[in-house]
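**Student:** This one is protein_11.pdb, PDB, C-alpha atoms.
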```
MODEL        1
ATOM      1  CA  MET A   1      -6.185  27.346  -0.363
ATOM      2  CA  HIS A   2      -7.223  23.722   0.010
ATOM      3  CA  LEU A   3      -4.803  20.812   0.132
ATOM      4  CA  ASP A   4      -5.894  17.309  -0.736
ATOM      5  CA  TRP A   5      -4.049  15.493   2.054
ATOM      6  CA  THR A   6      -5.197  12.083   0.850
ATOM      7  CA  ALA A   7      -3.639  12.608  -2.573
ATOM      8  CA  LEU A   8      -0.453  13.933  -0.986
ATOM      9  CA  GLY A   9      -0.275  10.858   1.238
ATOM     10  CA  GLN A  10      -0.802   8.561  -1.734
ATOM     11  CA  VAL A  11       1.951  10.252  -3.728
ATOM     12  CA  THR A  12       4.292  10.003  -0.746
ATOM     13  CA  ALA A  13       3.515   6.319  -0.191
ATOM     14  CA  VAL A  14       3.995   5.417  -3.856
ATOM     15  CA  SER A  15       7.238   7.417  -4.032
ATOM     16  CA  ILE A  16       8.667   5.678  -0.973
ATOM     17  CA  GLY A  17       7.530   2.281  -2.263
ATOM     18  CA  VAL A  18       9.074   2.747  -5.701
ATOM     19  CA  THR A  19      12.292   4.072  -4.175
ATOM     20  CA  VAL A  20      12.629   1.035  -1.917
ATOM     21  CA  ALA A  21      11.819  -1.293  -4.822
ATOM     22  CA  VAL A  22      14.469   0.278  -7.079
ATOM     23  CA  VAL A  23      17.086   0.069  -4.326
ATOM     24  CA  VAL A  24      16.265  -3.616  -3.740
ATOM     25  CA  VAL A  25      16.421  -4.421  -7.468
ATOM     26  CA  PHE A  26      19.738  -2.568  -7.783
ATOM     27  CA  ALA A  27      21.104  -4.513  -4.794
ATOM     28  CA  LEU A  28      20.036  -7.756  -6.466
ATOM     29  CA  GLY A  29      21.934  -6.640  -9.575
ATOM     30  CA  VAL A  30      25.048  -6.056  -7.494
ATOM     31  CA  LEU A  31      24.548  -9.507  -5.954
ATOM     32  CA  GLY A  32      24.437 -10.955  -9.463
ATOM     33  CA  LEU A  33      27.729  -9.264 -10.267
ATOM     34  CA  ALA A  34      29.206 -10.701  -7.068
ATOM     35  CA  GLN A  35      28.071 -14.172  -8.145
ATOM     36  CA  LEU A  36      29.675 -13.509 -11.501
ATOM     37  CA  GLU A  37      32.998 -12.671  -9.837
ATOM     38  CA  GLY A  38      32.777 -15.739  -7.599
ATOM     39  CA  ALA A  39      32.042 -18.012 -10.536
ATOM     40  CA  ARG A  40      35.175 -17.102 -12.460
ATOM     41  CA  ASP A  41      37.110 -19.812 -10.629
ATOM     42  CA  ARG A  42      34.504 -22.485 -11.272
ATOM     43  CA  GLN A  43      32.935 -22.384 -14.707
ATOM     44  CA  GLY A  44      29.314 -23.392 -14.736
ATOM     45  CA  ARG A  45      25.698 -22.400 -14.399
ATOM     46  CA  THR A  46      26.332 -19.786 -11.712
ATOM     47  CA  PHE A  47      28.284 -17.671 -14.204
ATOM     48  CA  ALA A  48      25.356 -17.385 -16.600
ATOM     49  CA  LEU A  49      22.838 -16.993 -13.790
ATOM     50  CA  GLY A  50      24.763 -14.124 -12.185
ATOM     51  CA  LEU A  51      25.194 -12.335 -15.498
ATOM     52  CA  THR A  52      21.513 -12.729 -16.369
ATOM     53  CA  GLN A  53      20.403 -11.579 -12.923
ATOM     54  CA  ALA A  54      22.629  -8.495 -13.032
ATOM     55  CA  GLY A  55      21.572  -7.599 -16.558
ATOM     56  CA  LEU A  56      17.852  -7.884 -15.868
ATOM     57  CA  CYS A  57      18.066  -5.962 -12.603
ATOM     58  CA  PHE A  58      20.075  -3.096 -14.076
ATOM     59  CA  LEU A  59      17.775  -3.003 -17.103
ATOM     60  CA  ALA A  60      14.767  -2.708 -14.776
ATOM     61  CA  CYS A  61      16.447   0.160 -12.897
ATOM     62  CA  ALA A  62      17.212   1.938 -16.164
ATOM     63  CA  ALA A  63      13.589   1.498 -17.275
ATOM     64  CA  VAL A  64      12.304   3.077 -14.049
ATOM     65  CA  VAL A  65      14.676   6.027 -14.472
ATOM     66  CA  ALA A  66      13.673   6.471 -18.122
ATOM     67  CA  TYR A  67       9.986   6.386 -17.188
ATOM     68  CA  GLY A  68      10.582   9.006 -14.488
ATOM     69  CA  ILE A  69      12.323  11.282 -16.979
ATOM     70  CA  PHE A  70       9.458  10.722 -19.426
ATOM     71  CA  LEU A  71       6.973  11.837 -16.765
ATOM     72  CA  ILE A  72       8.967  14.932 -15.819
ATOM     73  CA  VAL A  73       9.884  16.311 -19.260
ATOM     74  CA  PRO A  74       6.796  17.737 -20.974
ATOM     75  CA  ARG A  75       8.359  17.661 -24.439
ATOM     76  CA  PHE A  76       8.173  13.840 -24.451
ATOM     77  CA  HIS A  77       4.382  13.805 -24.135
TER      78      HIS A  77
ENDMDL
END
```
Once you've parsed the file, please lay out its structure as structure tokens.
**Tutor:**
Amino acid sequence: MHLDWTALGQVTAVSIGVTVAVVVVFALGVLGLAQLEGARDRQGRTFALGLTQAGLCFLACAAVVAYGIFLIVPRFH
């Protein structure tokens, strides 16, 4: 039995990289929600910016999860 250690290392590196990226994007979404809560007292641009930031970040996380499910489930191919 022969293992391709280079390919295994590449898969591991990409998996760790994507995991860290998704966690960072999710944290930025939570930060946007925090800005949204802080902007309730003072109406202005921060309200819209926080809502937009949170929406885009959570949408990106959902897209990554959907793509992962697409790759795993063979019926979708």
**Student:** Evaluate the PyMOL selection byres ((chain A and resi 22) around 12) on the structure here and hand back the selected residues as number ranges by chain.
**Tutor:** A: 15-21, 23-29, 57-65
**Student:** Provide the atom CA of Trp5 of chain A to atom CA of Gly68 of chain A distance in Å, to one decimal place.
**Tutor:**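 We find that atom CA of Trp5 of chain A and atom CA of Gly68 of chain A lie 23.0 Å from each other.
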**Student:** Which residue out of A:Ala54, A:Leu8, A:Ala66, A:Ile72 has the minimum interatomic distance to Gly32 of chain A when only C-alpha atoms are used?
**Tutor:** A:Ala54
**Student:** Find the residues near segment 33-37 of chain A: any atom within 9 Å, counting only C-alpha atoms, skip ones fewer than 4 places away on the same chain, and give them as a ChimeraX atom specification.
**Tutor:** /A:28-29,41,46-51,53-55
**Student:** Separation of atom CA of Ala13 of chain A and atom CA of Pro74 of chain A, in Å?
**Tutor:** 23.9 Å
**Student:** If I take atom CA of Thr6 of chain A and atom CA of Val73 of chain A, how far is one from the other in Å, to one decimal?
**Tutor:**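 Computing the Euclidean distance for atom CA of Thr6 of chain A and atom CA of Val73 of chain A yields 25.5 Å.
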**Student:** Give the padded box for segment 68-76 of chain A as AutoDock Vina command-line options: axis-aligned, covering all atoms listed in the file, 8 Å on each side, centre and edge lengths in Å to one decimal.
**Tutor:**
```
--center_x 9.6 --center_y 13.4 --center_z -19.5 --size_x 21.5 --size_y 24.7 --size_z 26.0
```
